file data-v7.cif (mmCIF, C-alpha atoms)
data_final
#
loop_
_atom_site.label_atom_id
_atom_site.label_comp_id
_atom_site.auth_asym_id
_atom_site.auth_seq_id
_atom_site.Cartn_x
_atom_site.Cartn_y
_atom_site.Cartn_z
CA MET A 1 -14.26 17.60 15.79
CA LYS A 2 -15.34 17.26 12.15
CA ILE A 3 -12.95 16.20 9.38
CA PRO A 4 -13.53 15.88 5.60
CA TYR A 5 -13.37 12.19 4.66
CA PHE A 6 -12.34 10.47 1.44
CA PRO A 7 -13.49 6.81 1.56
CA GLY A 8 -12.19 5.61 -1.83
CA CYS A 9 -13.60 3.02 -4.22
CA THR A 10 -12.73 -0.16 -2.33
CA LEU A 11 -14.36 1.05 0.87
CA TYR A 12 -17.60 1.43 -1.04
CA ASN A 13 -17.44 -2.16 -2.20
CA LYS A 14 -15.11 -4.91 -0.99
CA ALA A 15 -13.99 -3.17 2.19
CA ARG A 16 -17.26 -1.90 3.61
CA GLY A 17 -16.18 -3.22 6.99
CA LEU A 18 -13.25 -0.82 6.97
CA ASP A 19 -15.47 2.11 5.99
CA ASN A 20 -18.19 1.37 8.54
CA SER A 21 -15.84 0.60 11.41
CA THR A 22 -13.74 3.71 10.70
CA ARG A 23 -16.76 6.00 10.76
CA ALA A 24 -18.28 4.31 13.82
CA SER A 25 -15.15 4.04 15.94
CA LEU A 26 -13.98 7.59 15.24
CA ALA A 27 -17.51 8.87 15.97
CA ALA A 28 -17.37 7.08 19.32
CA LEU A 29 -14.14 8.97 20.00
CA GLY A 30 -15.73 12.31 19.17
CA VAL A 31 -14.40 12.64 15.61
CA GLU A 32 -17.07 13.07 12.96
CA LEU A 33 -16.15 12.20 9.39
CA ALA A 34 -17.85 14.36 6.78
CA GLU A 35 -17.68 12.47 3.50
CA LEU A 36 -16.75 14.67 0.55
CA PRO A 37 -19.89 15.58 -1.41
CA ARG A 38 -18.17 14.66 -4.70
CA TRP A 39 -15.20 12.42 -5.10
CA THR A 40 -13.55 10.23 -7.71
CA CYS A 41 -10.94 7.46 -7.73
CA CYS A 42 -7.67 8.72 -6.23
CA GLY A 43 -5.60 7.06 -8.96
CA THR A 44 -4.60 4.23 -6.58
CA VAL A 45 -0.86 4.29 -7.24
CA PHE A 46 1.56 7.18 -7.28
CA PRO A 47 3.19 7.34 -10.74
CA LEU A 48 6.94 6.82 -10.44
CA ALA A 49 7.77 7.89 -14.00
CA ARG A 50 8.72 11.55 -13.80
CA ASP A 51 6.87 12.43 -16.99
CA ASN A 52 3.58 10.86 -15.94
CA TYR A 53 1.63 13.82 -14.61
CA MET A 54 -1.60 12.29 -15.86
CA GLY A 55 -1.32 9.71 -13.08
CA MET A 56 -1.43 12.52 -10.52
CA VAL A 57 -4.46 14.37 -11.88
CA ALA A 58 -7.11 12.47 -9.94
CA ALA A 59 -5.46 12.95 -6.56
CA ALA A 60 -4.65 16.61 -7.31
CA ARG A 61 -8.28 17.25 -8.24
CA ILE A 62 -9.51 15.73 -4.99
CA LEU A 63 -7.04 17.77 -2.92
CA ALA A 64 -7.77 21.03 -4.76
CA GLY A 65 -11.50 20.40 -4.32
CA VAL A 66 -11.10 20.03 -0.55
CA ALA A 67 -9.02 23.22 -0.39
CA GLY A 68 -11.71 24.99 -2.45
CA GLU A 69 -14.22 24.13 0.27
CA GLY A 70 -12.09 26.06 2.73
CA GLU A 71 -10.92 22.93 4.57
CA ASP A 72 -7.37 22.35 5.77
CA ARG A 73 -7.38 18.59 6.32
CA LEU A 74 -8.48 15.45 4.52
CA LEU A 75 -8.77 12.08 6.22
CA THR A 76 -8.53 8.77 4.43
CA VAL A 77 -7.95 5.29 5.83
CA CYS A 78 -7.12 3.02 2.87
CA SER A 79 -3.33 2.74 2.65
CA PHE A 80 -3.30 3.16 -1.14
CA CYS A 81 -5.49 6.28 -1.05
CA TYR A 82 -3.46 7.69 1.80
CA ASN A 83 -0.18 7.03 -0.03
CA VAL A 84 -1.16 8.54 -3.38
CA LEU A 85 -2.98 11.55 -1.90
CA LYS A 86 -0.09 12.32 0.40
CA ARG A 87 2.58 11.89 -2.28
CA VAL A 88 0.75 13.97 -4.86
CA ASN A 89 0.23 16.60 -2.18
CA TYR A 90 3.98 16.53 -1.52
CA GLU A 91 4.61 17.06 -5.25
CA MET A 92 2.21 20.01 -5.25
CA GLN A 93 4.21 21.49 -2.37
CA HIS A 94 7.74 20.85 -3.60
CA ASN A 95 7.74 20.19 -7.34
CA LEU A 96 7.02 23.46 -9.09
CA GLU A 97 6.73 21.89 -12.52
CA ALA A 98 4.17 19.35 -11.27
CA ARG A 99 2.27 22.08 -9.48
CA GLN A 100 2.11 24.25 -12.56
CA LYS A 101 1.17 21.50 -14.99
CA LEU A 102 -1.52 20.02 -12.75
CA ASN A 103 -2.99 23.41 -11.90
CA ASN A 104 -3.06 24.38 -15.56
CA TYR A 105 -4.85 21.18 -16.38
CA LEU A 106 -7.35 21.44 -13.54
CA GLU A 107 -7.73 25.21 -13.80
CA GLU A 108 -6.99 25.43 -10.10
CA ASN A 109 -4.45 27.25 -8.01
CA TYR A 110 -3.60 24.59 -5.47
CA THR A 111 -0.25 24.64 -3.69
CA GLY A 112 -0.44 21.62 -1.39
CA GLU A 113 -1.94 23.32 1.65
CA ILE A 114 -4.22 20.42 2.60
CA GLN A 115 -2.88 18.10 5.29
CA VAL A 116 -3.64 14.46 4.47
CA VAL A 117 -4.26 12.56 7.71
CA HIS A 118 -4.80 8.94 8.68
CA PRO A 119 -7.08 7.72 11.49
CA LEU A 120 -4.05 6.30 13.31
CA GLU A 121 -2.62 9.81 13.47
CA ILE A 122 -5.97 11.19 14.63
CA CYS A 123 -6.08 8.55 17.36
CA LYS A 124 -2.58 9.40 18.53
CA GLU A 125 -2.38 13.15 18.10
CA HIS A 126 -5.93 14.43 18.45
CA VAL A 127 -7.82 11.93 20.56
CA GLY A 128 -4.76 10.65 22.42
CA PHE A 129 -3.95 7.08 23.42
CA ASP A 130 -4.60 7.84 27.08
CA ALA A 131 -8.13 9.01 26.27
CA ILE A 132 -8.66 5.85 24.19
CA ARG A 133 -7.34 3.70 27.06
CA ALA A 134 -9.85 5.35 29.38
CA ARG A 135 -12.68 4.90 26.90
CA ALA A 136 -11.95 1.25 25.92
CA GLY A 137 -13.59 -1.60 27.75
CA ARG A 138 -11.55 -4.42 29.21
CA ASN A 139 -12.82 -6.97 26.72
CA LEU A 140 -9.58 -7.38 24.72
CA LYS A 141 -7.47 -8.26 27.75
CA GLY A 142 -5.05 -11.06 26.92
CA LEU A 143 -5.76 -11.03 23.15
CA LYS A 144 -2.46 -11.33 21.25
CA VAL A 145 -2.37 -9.03 18.24
CA ALA A 146 0.26 -8.61 15.49
CA CYS A 147 0.24 -5.28 13.63
CA TYR A 148 0.84 -5.36 9.88
CA TYR A 149 1.69 -2.07 8.14
CA GLY A 150 2.73 -3.31 4.71
CA CYS A 151 4.47 -0.82 2.44
CA MET A 152 2.11 2.00 1.50
CA LEU A 153 1.63 3.55 4.94
CA VAL A 154 5.29 4.09 5.69
CA ARG A 155 7.24 4.42 2.43
CA PRO A 156 8.81 6.57 1.16
CA ALA A 157 9.65 8.03 4.55
CA LEU A 158 10.31 11.63 3.47
CA GLU A 159 7.04 12.05 1.63
CA MET A 160 4.85 9.97 3.93
CA GLY A 161 6.25 11.34 7.19
CA PHE A 162 4.42 8.52 8.92
CA ASP A 163 6.21 7.07 11.93
CA ASP A 164 9.52 5.18 11.59
CA PRO A 165 9.75 3.63 8.09
CA GLU A 166 11.64 0.52 9.26
CA ASN A 167 9.98 0.06 12.62
CA PRO A 168 6.69 1.91 12.96
CA THR A 169 4.96 1.50 16.34
CA ILE A 170 1.81 3.64 16.14
CA MET A 171 -0.50 0.64 15.61
CA GLU A 172 1.16 -1.22 18.49
CA GLU A 173 0.61 1.81 20.72
CA LEU A 174 -3.07 1.72 19.80
CA VAL A 175 -3.30 -2.02 20.51
CA ALA A 176 -1.73 -1.50 23.92
CA ALA A 177 -4.18 1.34 24.65
CA LEU A 178 -7.04 -1.02 23.79
CA GLY A 179 -5.84 -3.40 26.47
CA ALA A 180 -4.70 -6.16 24.10
CA GLU A 181 -1.24 -7.69 24.00
CA VAL A 182 1.21 -6.64 21.27
CA VAL A 183 3.06 -9.40 19.42
CA GLU A 184 6.39 -8.39 17.84
CA TYR A 185 7.41 -10.21 14.65
CA PRO A 186 9.84 -9.36 11.87
CA HIS A 187 7.56 -8.90 8.85
CA LYS A 188 5.41 -5.93 9.76
CA THR A 189 6.60 -3.67 6.93
CA THR A 190 7.44 -6.22 4.25
CA CYS A 191 5.22 -6.25 1.18
CA CYS A 192 2.42 -8.84 0.95
CA GLY A 193 2.76 -8.92 -2.84
CA SER A 194 0.10 -6.27 -3.44
CA TYR A 195 -1.52 -6.29 -6.91
CA GLN A 196 0.85 -9.06 -8.01
CA VAL A 197 -1.94 -11.34 -6.76
CA LEU A 198 -3.44 -10.75 -10.21
CA HIS A 199 -0.61 -12.38 -12.13
CA GLU A 200 1.99 -13.81 -9.71
CA ASN A 201 -0.21 -15.84 -7.42
CA ASP A 202 2.52 -18.21 -6.23
CA LEU A 203 4.81 -15.36 -5.23
CA VAL A 204 2.08 -13.62 -3.24
CA MET A 205 1.11 -16.87 -1.55
CA GLN A 206 4.70 -17.41 -0.46
CA ARG A 207 4.93 -13.87 0.91
CA VAL A 208 1.63 -14.23 2.75
CA GLN A 209 2.67 -17.56 4.23
CA ASP A 210 5.95 -16.06 5.51
CA ILE A 211 4.14 -13.13 7.12
CA LEU A 212 1.39 -15.24 8.70
CA ASN A 213 3.69 -18.01 9.92
CA SER A 214 6.02 -15.50 11.48
CA ALA A 215 3.19 -13.77 13.37
CA VAL A 216 1.65 -17.07 14.46
CA ALA A 217 5.03 -18.43 15.60
CA LYS A 218 5.31 -15.42 17.91
CA GLY A 219 1.93 -16.28 19.42
CA ALA A 220 -0.37 -13.90 17.52
CA GLU A 221 -4.09 -14.76 17.61
CA ALA A 222 -5.10 -11.97 15.22
CA ILE A 223 -3.44 -9.64 12.72
CA ILE A 224 -4.58 -6.06 12.12
CA THR A 225 -3.93 -3.83 9.10
CA SER A 226 -5.25 -0.65 7.47
CA CYS A 227 -4.96 -1.73 3.83
CA PRO A 228 -7.84 -3.51 2.04
CA LEU A 229 -5.41 -5.22 -0.34
CA CYS A 230 -3.14 -6.46 2.47
CA GLN A 231 -6.27 -7.64 4.27
CA PHE A 232 -7.45 -9.50 1.18
CA ASN A 233 -4.10 -11.13 0.44
CA LEU A 234 -3.45 -12.13 4.05
CA ASP A 235 -7.01 -13.35 4.60
CA TRP A 236 -8.31 -14.89 1.38
CA LEU A 237 -5.11 -16.73 0.45
CA GLN A 238 -5.28 -18.69 3.71
CA GLU A 239 -8.00 -20.79 2.05
CA LYS A 240 -5.54 -21.70 -0.74
CA ILE A 241 -2.61 -22.23 1.61
CA LEU A 242 -4.71 -24.66 3.63
CA GLU A 243 -5.41 -26.69 0.49
CA GLN A 244 -1.67 -27.22 0.04
CA ASP A 245 -0.61 -27.45 3.67
CA THR A 246 -3.07 -29.15 5.98
CA GLY A 247 -0.91 -28.31 8.99
CA PHE A 248 -1.30 -24.56 8.36
CA ARG A 249 -2.90 -22.64 11.23
CA GLN A 250 -5.39 -20.02 10.16
CA ILE A 251 -5.47 -16.60 11.79
CA PRO A 252 -8.09 -13.84 11.48
CA VAL A 253 -6.94 -10.66 9.70
CA LEU A 254 -8.90 -7.59 10.81
CA TYR A 255 -8.87 -3.90 10.09
CA PHE A 256 -7.44 -1.98 13.02
CA THR A 257 -10.66 0.02 13.14
CA GLN A 258 -12.63 -3.20 13.70
CA LEU A 259 -10.49 -4.06 16.71
CA LEU A 260 -10.93 -0.48 17.90
CA GLY A 261 -14.70 -0.86 17.48
CA VAL A 262 -14.73 -4.10 19.48
CA ALA A 263 -12.78 -2.44 22.29
CA LEU A 264 -15.18 0.50 22.25
CA GLU A 265 -18.07 -2.01 22.46
CA LEU A 266 -19.76 -0.73 19.31
CA PRO A 267 -22.77 -2.55 17.86
CA ARG A 268 -21.70 -5.40 15.61
CA GLU A 269 -23.62 -4.02 12.58
CA SER A 270 -21.03 -1.25 12.38
CA LEU A 271 -18.02 -3.58 12.31
CA GLY A 272 -18.46 -5.84 9.28
CA LEU A 273 -16.78 -8.79 11.00
CA GLU A 274 -18.83 -11.25 8.95
CA GLN A 275 -17.09 -10.22 5.70
CA HIS A 276 -13.78 -12.00 6.30
CA TYR A 277 -12.73 -15.37 4.96
CA VAL A 278 -11.19 -16.44 8.25
CA ASP A 279 -14.03 -15.66 10.63
CA PRO A 280 -12.74 -13.55 13.53
CA ARG A 281 -15.97 -13.88 15.51
CA PRO A 282 -15.15 -17.12 17.36
CA LEU A 283 -11.98 -15.45 18.66
CA LEU A 284 -13.83 -12.29 19.63
CA LEU A 285 -16.90 -13.94 21.16
CA GLY A 286 -15.53 -13.52 24.63
CA ALA A 287 -14.85 -9.86 23.91
CA MET A 288 -18.25 -9.22 22.41
CA PRO A 289 -20.96 -10.79 24.53
CA HIS A 290 -23.61 -9.20 22.30
CA LEU A 291 -22.36 -11.33 19.37
CA ARG A 292 -23.55 -14.50 21.04
CA MET B 1 31.21 -9.00 -25.38
CA ALA B 2 30.49 -6.23 -22.95
CA MET B 3 32.02 -3.55 -25.16
CA GLU B 4 29.61 -4.36 -27.98
CA LEU B 5 26.71 -3.49 -25.71
CA SER B 6 27.65 0.15 -25.53
CA ASN B 7 26.54 0.91 -29.05
CA LYS B 8 24.52 3.93 -30.06
CA MET B 9 21.15 2.25 -29.57
CA SER B 10 21.79 1.12 -26.03
CA ARG B 11 23.12 4.55 -25.08
CA GLY B 12 19.79 5.92 -26.30
CA ILE B 13 17.93 3.51 -24.04
CA ILE B 14 19.97 4.35 -20.99
CA GLU B 15 19.33 8.04 -21.57
CA ARG B 16 15.60 7.38 -21.75
CA ILE B 17 15.72 5.30 -18.57
CA LYS B 18 17.57 8.12 -16.81
CA GLU B 19 15.18 10.74 -18.09
CA ILE B 20 12.00 8.89 -17.15
CA SER B 21 13.29 7.78 -13.73
CA GLY B 22 15.25 10.90 -12.83
CA GLN B 23 17.86 8.56 -11.35
CA ASP B 24 21.56 8.05 -12.03
CA PRO B 25 22.13 4.28 -12.24
CA HIS B 26 25.91 4.79 -12.26
CA LEU B 27 25.81 5.73 -8.59
CA CYS B 28 25.13 2.03 -7.88
CA MET B 29 28.14 0.28 -6.35
CA GLN B 30 26.58 -3.19 -6.58
CA CYS B 31 26.35 -3.78 -2.83
CA GLY B 32 23.20 -5.92 -3.17
CA THR B 33 21.19 -4.38 -0.31
CA CYS B 34 18.26 -3.96 -2.72
CA SER B 35 18.30 -7.63 -3.66
CA ALA B 36 18.58 -8.81 -0.07
CA GLY B 37 15.37 -7.09 0.97
CA CYS B 38 13.37 -7.52 -2.23
CA THR B 39 9.90 -8.99 -1.84
CA GLY B 40 9.91 -10.60 -5.25
CA ARG B 41 13.48 -11.90 -5.35
CA GLU B 42 12.51 -15.57 -5.20
CA VAL B 43 10.82 -15.46 -8.58
CA MET B 44 13.13 -12.94 -10.25
CA GLU B 45 15.57 -14.32 -12.81
CA LEU B 46 17.67 -11.17 -12.37
CA LEU B 47 17.93 -9.63 -8.90
CA PRO B 48 17.48 -5.85 -8.57
CA ARG B 49 21.26 -5.48 -8.29
CA GLN B 50 21.70 -7.33 -11.57
CA VAL B 51 19.01 -5.22 -13.23
CA MET B 52 21.01 -2.18 -12.10
CA ARG B 53 24.19 -3.65 -13.60
CA LEU B 54 22.56 -4.23 -16.97
CA ILE B 55 21.31 -0.65 -16.98
CA GLN B 56 24.84 0.56 -16.18
CA LEU B 57 26.13 -1.48 -19.12
CA GLY B 58 23.44 -0.07 -21.38
CA ASP B 59 22.28 -3.61 -22.10
CA ALA B 60 18.86 -3.39 -23.74
CA ARG B 61 18.04 -6.95 -22.66
CA VAL B 62 17.11 -5.44 -19.29
CA LEU B 63 13.85 -4.29 -20.89
CA HIS B 64 12.80 -7.89 -21.39
CA CYS B 65 13.46 -9.39 -17.98
CA ARG B 66 10.66 -10.71 -15.81
CA SER B 67 11.96 -8.95 -12.71
CA ILE B 68 10.60 -5.56 -13.75
CA TRP B 69 7.06 -6.98 -13.76
CA VAL B 70 7.50 -8.80 -10.46
CA CYS B 71 8.46 -5.56 -8.68
CA SER B 72 5.40 -4.43 -6.71
CA THR B 73 6.93 -0.99 -5.97
CA CYS B 74 6.96 -1.61 -2.22
CA LEU B 75 9.99 0.73 -2.08
CA LEU B 76 12.03 -1.33 0.38
CA CYS B 77 15.02 -1.16 -2.00
CA THR B 78 14.57 2.59 -2.38
CA ALA B 79 14.36 3.06 1.38
CA ARG B 80 17.56 1.08 2.02
CA CYS B 81 19.86 2.02 -0.88
CA PRO B 82 23.03 3.45 0.67
CA ARG B 83 23.65 5.47 -2.51
CA GLY B 84 20.23 7.11 -2.36
CA ILE B 85 19.06 5.63 -5.66
CA ASP B 86 15.31 5.32 -6.05
CA LEU B 87 15.36 1.86 -7.62
CA ALA B 88 11.58 1.73 -7.78
CA ARG B 89 11.67 4.63 -10.24
CA LEU B 90 14.19 2.77 -12.42
CA MET B 91 11.98 -0.32 -12.41
CA GLU B 92 9.03 1.90 -13.34
CA ALA B 93 11.00 3.44 -16.21
CA LEU B 94 11.73 -0.05 -17.58
CA ARG B 95 8.05 -0.93 -17.31
CA VAL B 96 6.74 2.24 -18.93
CA ILE B 97 9.15 1.96 -21.88
CA ASN B 98 7.58 -1.45 -22.47
CA LEU B 99 4.02 -0.26 -21.87
CA ARG B 100 4.40 2.70 -24.18
CA SER B 101 5.38 0.35 -26.98
CA GLY B 102 2.41 -1.90 -26.23
CA ARG B 103 4.15 -4.68 -24.29
CA GLU B 104 2.26 -5.62 -21.12
CA VAL B 105 1.99 -8.54 -18.70
CA LEU B 106 -1.43 -7.98 -17.12
CA VAL B 107 -4.15 -8.81 -19.61
CA ALA B 108 -7.61 -8.31 -18.15
CA GLU B 109 -9.03 -11.42 -19.88
CA LYS B 110 -6.41 -13.60 -18.23
CA ILE B 111 -7.34 -12.73 -14.65
CA PRO B 112 -9.18 -15.78 -13.24
CA VAL B 113 -12.91 -15.08 -12.82
CA GLU B 114 -12.90 -16.38 -9.25
CA LEU B 115 -10.24 -13.82 -8.36
CA LEU B 116 -11.86 -11.05 -10.37
CA THR B 117 -15.08 -11.25 -8.37
CA ARG B 118 -13.35 -11.24 -5.01
CA VAL B 119 -10.27 -9.03 -5.28
CA PRO B 120 -10.56 -5.46 -3.93
CA GLN B 121 -11.10 -2.80 -6.61
CA MET B 122 -7.80 -1.17 -5.71
CA ALA B 123 -5.90 -4.29 -6.84
CA LEU B 124 -7.45 -4.07 -10.29
CA THR B 125 -6.90 -0.34 -10.71
CA SER B 126 -3.32 -0.46 -9.43
CA GLY B 127 -2.48 -3.62 -11.37
CA MET B 128 -3.86 -2.20 -14.61
CA ARG B 129 -2.02 1.07 -14.04
CA LYS B 130 1.32 -0.59 -13.36
CA LEU B 131 1.30 -3.61 -15.62
CA SER B 132 -1.04 -2.95 -18.47
CA ALA B 133 -0.79 -0.84 -21.60
#
call {"tool": "encode", "arguments": {"input": "data-v7.cif", "output": "structure tokens"}}
result
Amino acid sequence: MKIPYFPGCTLYNKARGLDNSTRASLAALGVELAELPRWTCCGTVFPLARDNYMGMVAAARILAGVAGEGEDRLLTVCSFCYNVLKRVNYEMQHNLEARQKLNNYLEENYTGEIQVVHPLEICKEHVGFDAIRARAGRNLKGLKVACYYGCMLVRPALEMGFDDPENPTIMEELVAALGAEVVEYPHKTTCCGSYQVLHENDLVMQRVQDILNSAVAKGAEAIITSCPLCQFNLDWLQEKILEQDTGFRQIPVLYFTQLLGVALELPRESLGLEQHYVDPRPLLLGAMPHLR
Amino acid sequence: MAMELSNKMSRGIIERIKEISGQDPHLCMQCGTCSAGCTGREVMELLPRQVMRLIQLGDARVLHCRSIWVCSTCLLCTARCPRGIDLARLMEALRVINLRSGREVLVAEKIPVELLTRVPQMALTSGMRKLSA
């Protein structure tokens, strides 16, 4: 199976580990990602002002371009890219004014026919968790993992159509299929503070501390996410939290595709595990004998 | 006095907020569900419910509160509002009215260099889009 793939800006820079591990783990499951020959920034955030069509142009152009290639699906893994592409696509389907204005601007005739998909959906609906269970090694047995969705994957529910907005379980189902142990905790869809890290550092640190402490208190040894900004906030700020609270227990924050790659026993070059602030390798050494 | 707030100018602002957001703030019954779940509530001087109340009153001071810049548009309030109000769109309307008149809170020069070199690109693009004129 071959699917057009939109990596996005961050995956080409700060989140190379997410890009590499997504391509490698899906390839191991028989899904080949064909990167779009030309792509631009997706716009990052969906504009919430009703008169801001300019904020939708980038995503609309990407979607129309994929449709122009005769494709019917577009896969992206970054939560921000996924959110804005899916929401703009929804506008192209349901908001006739948006559709007309954007098509006029782009000189296209796109009506929202592309389906924007996420690797978690591919794992569940196309590969199947049973097939993944059969394919995964037994190296994650006993590892306690907390899944962190954040906000962009699941909200708003109508437009995203991604699992249950208050209590999504798709990542937990994947973790269970990989043979690891799922840790339930209350903060899996609360916001980490997002881009507020740029100007409200204290607020974001407080949010991150709440999320991490809650997962750790429930016994988590690792946290997984699909969003490069959640990963950054949850991971990098631990350094700062430790400066203020020496009793704080650090916890590795991985991309779910990295955990998937470990379970599929992929070569470590494809996983980017060395790029995190809290090094996950000591925890995973037992699972990855070839890391030693 | 509350009555003084409903002058011609503030009615103009409330119409603009309604137009840009596409939301009817008068549907709000002040239940506080938005404030209870809000990610940024601990550093907001006005909770989302109170922001809603000021909009209902047509009080232009709502444009100058810190809360609208603390909102990270995580949409938890929107998802849980029992009246179906998309609060995130109202917060956005308050921000864009500011941004369109040149008032902003995220100034690129003020981002610490240490952070600038490490933060994912998406944080910079989204932050500049949401908080910068």
call {"tool": "resolve_selection", "arguments": {"input": "data-v7.cif", "expression": "the PyMOL selection byres ((chain B) within 8 of (chain A))", "output": "MDAnalysis selection string"}}
result
chainID B and resid 19:22 39:40 42:43 70 72 74:76 78:79 88:89 92:93 96 106 111 115 118:127 129
call {"tool": "resolve_selection", "arguments": {"input": "data-v7.cif", "expression": "the PyMOL selection byres ((chain B and resi 97) around 10)", "output": "ChimeraX atom specification"}}
result
/A:49 /B:13,16-17,20,63,92-96,98-103
call {"tool": "residues_around", "arguments": {"input": "data-v7.cif", "residues": "segment 45-51 of chain B", "least_positions_apart": "4", "cutoff": "9 Å", "atoms": "all atoms listed in the file", "output": "short mmCIF file (atom, residue, chain, number, x, y, z; two decimals) with C-alpha atoms, keeping the file's coordinate frame"}}
result
data_model
loop_
_atom_site.label_atom_id
_atom_site.label_comp_id
_atom_site.auth_asym_id
_atom_site.auth_seq_id
_atom_site.Cartn_x
_atom_site.Cartn_y
_atom_site.Cartn_z
CA CYS B 28 25.13 2.03 -7.88
CA GLN B 30 26.58 -3.19 -6.58
CA CYS B 31 26.35 -3.78 -2.83
CA GLY B 32 23.20 -5.92 -3.17
CA THR B 33 21.19 -4.38 -0.31
CA CYS B 34 18.26 -3.96 -2.72
CA SER B 35 18.30 -7.63 -3.66
CA ALA B 36 18.58 -8.81 -0.07
CA CYS B 38 13.37 -7.52 -2.23
CA GLY B 40 9.91 -10.60 -5.25
CA ARG B 41 13.48 -11.90 -5.35
CA ILE B 55 21.31 -0.65 -16.98
CA GLN B 56 24.84 0.56 -16.18
CA VAL B 62 17.11 -5.44 -19.29
CA CYS B 65 13.46 -9.39 -17.98
CA ARG B 66 10.66 -10.71 -15.81
CA SER B 67 11.96 -8.95 -12.71
CA ILE B 68 10.60 -5.56 -13.75
CA CYS B 77 15.02 -1.16 -2.00
CA LEU B 87 15.36 1.86 -7.62
CA MET B 91 11.98 -0.32 -12.41
#
call {"tool": "residues_around", "arguments": {"input": "data-v7.cif", "residues": "His118 of chain A", "least_positions_apart": "4", "cutoff": "6 Å", "atoms": "all atoms listed in the file", "output": "list in words"}}
result
Leu75, Thr76 and Val77 of chain A
call {"tool": "atom_distance", "arguments": {"input": "data-v7.cif", "atom1": "atom CA of Ile3 of chain A", "atom2": "atom CA of Leu33 of chain A"}}
result
5.1 Å
call {"tool": "resolve_selection", "arguments": {"input": "data-v7.cif", "expression": "the PyMOL selection byres ((chain A and resi 71) around 10)", "output": "list in words"}}
result
Ile3, Pro4, Leu63, Gly65, Val66, Ala67, Gly68, Glu69, Gly70, Asp72, Arg73, Leu74, Glu113, Ile114 and Gln115 of chain A
call {"tool": "residues_around", "arguments": {"input": "data-v7.cif", "residues": "Thr225 of chain A", "least_positions_apart": "2", "cutoff": "7 Å", "atoms": "all atoms listed in the file", "output": "ChimeraX atom specification"}}
result
/A:147-149,223,227,231,254-256
call {"tool": "write_last_selection", "arguments": {"input": "data-v7.cif", "atoms": "C-alpha atoms", "output": "mmCIF file, in the frame of the given file"}}
result
data_model
loop_
_atom_site.group_PDB
_atom_site.id
_atom_site.type_symbol
_atom_site.label_atom_id
_atom_site.label_comp_id
_atom_site.auth_asym_id
_atom_site.auth_seq_id
_atom_site.Cartn_x
_atom_site.Cartn_y
_atom_site.Cartn_z
ATOM 1 C CA CYS A 147 0.240 -5.280 13.630
ATOM 2 C CA TYR A 148 0.840 -5.360 9.880
ATOM 3 C CA TYR A 149 1.690 -2.070 8.140
ATOM 4 C CA ILE A 223 -3.440 -9.640 12.720
ATOM 5 C CA CYS A 227 -4.960 -1.730 3.830
ATOM 6 C CA GLN A 231 -6.270 -7.640 4.270
ATOM 7 C CA LEU A 254 -8.900 -7.590 10.810
ATOM 8 C CA TYR A 255 -8.870 -3.900 10.090
ATOM 9 C CA PHE A 256 -7.440 -1.980 13.020
#
call {"tool": "atom_distance", "arguments": {"input": "data-v7.cif", "atom1": "atom CA of Ile122 of chain A", "atom2": "atom CA of Ile62 of chain A"}}
result
20.4 Å
call {"tool": "atom_distance", "arguments": {"input": "data-v7.cif", "atom1": "atom CA of Ser21 of chain A", "atom2": "atom CA of Leu271 of chain A"}}
result
4.8 Å
call {"tool": "closest_residue", "arguments": {"input": "data-v7.cif", "among": "B:Glu109, B:Trp69, B:Glu114, B:Gly84", "to": "Gln23 of chain B", "atoms": "all atoms listed in the file"}}
result
B:Gly84
call {"tool": "closest_residue", "arguments": {"input": "data-v7.cif", "among": "B:Lys18, B:Arg11, B:Arg83, B:His26", "to": "Gly58 of chain B", "atoms": "all atoms listed in the file"}}
result
B:Arg11
call {"tool": "decode", "arguments": {"input": "data-v7.cif", "residues": "segment 3-8 of chain A", "atoms": "N, CA, C and O atoms", "output": "compact mmCIF listing (two decimals), in the first residue's frame"}}
result
# COMPACT_ATOMS: atom_id res chain seq x y z
N ILE A 3 0.88 5.52 0.13
CA ILE A 3 0.05 6.68 0.46
C ILE A 3 0.88 7.96 0.32
O ILE A 3 2.01 8.02 0.78
N PRO A 4 0.29 9.02 -0.31
CA PRO A 4 0.98 10.31 -0.36
C PRO A 4 1.21 10.83 1.07
O PRO A 4 0.33 10.71 1.93
N TYR A 5 2.40 11.42 1.29
CA TYR A 5 2.81 11.79 2.64
C TYR A 5 3.23 13.25 2.69
O TYR A 5 4.02 13.71 1.87
N PHE A 6 2.66 13.98 3.66
CA PHE A 6 3.04 15.36 3.91
C PHE A 6 3.81 15.42 5.22
O PHE A 6 3.21 15.26 6.28
N PRO A 7 5.14 15.60 5.19
CA PRO A 7 5.89 15.59 6.46
C PRO A 7 5.70 16.86 7.29
O PRO A 7 5.50 16.78 8.49
N GLY A 8 5.75 18.03 6.64
CA GLY A 8 5.64 19.28 7.39
C GLY A 8 7.00 19.79 7.83
O GLY A 8 7.97 19.04 7.89
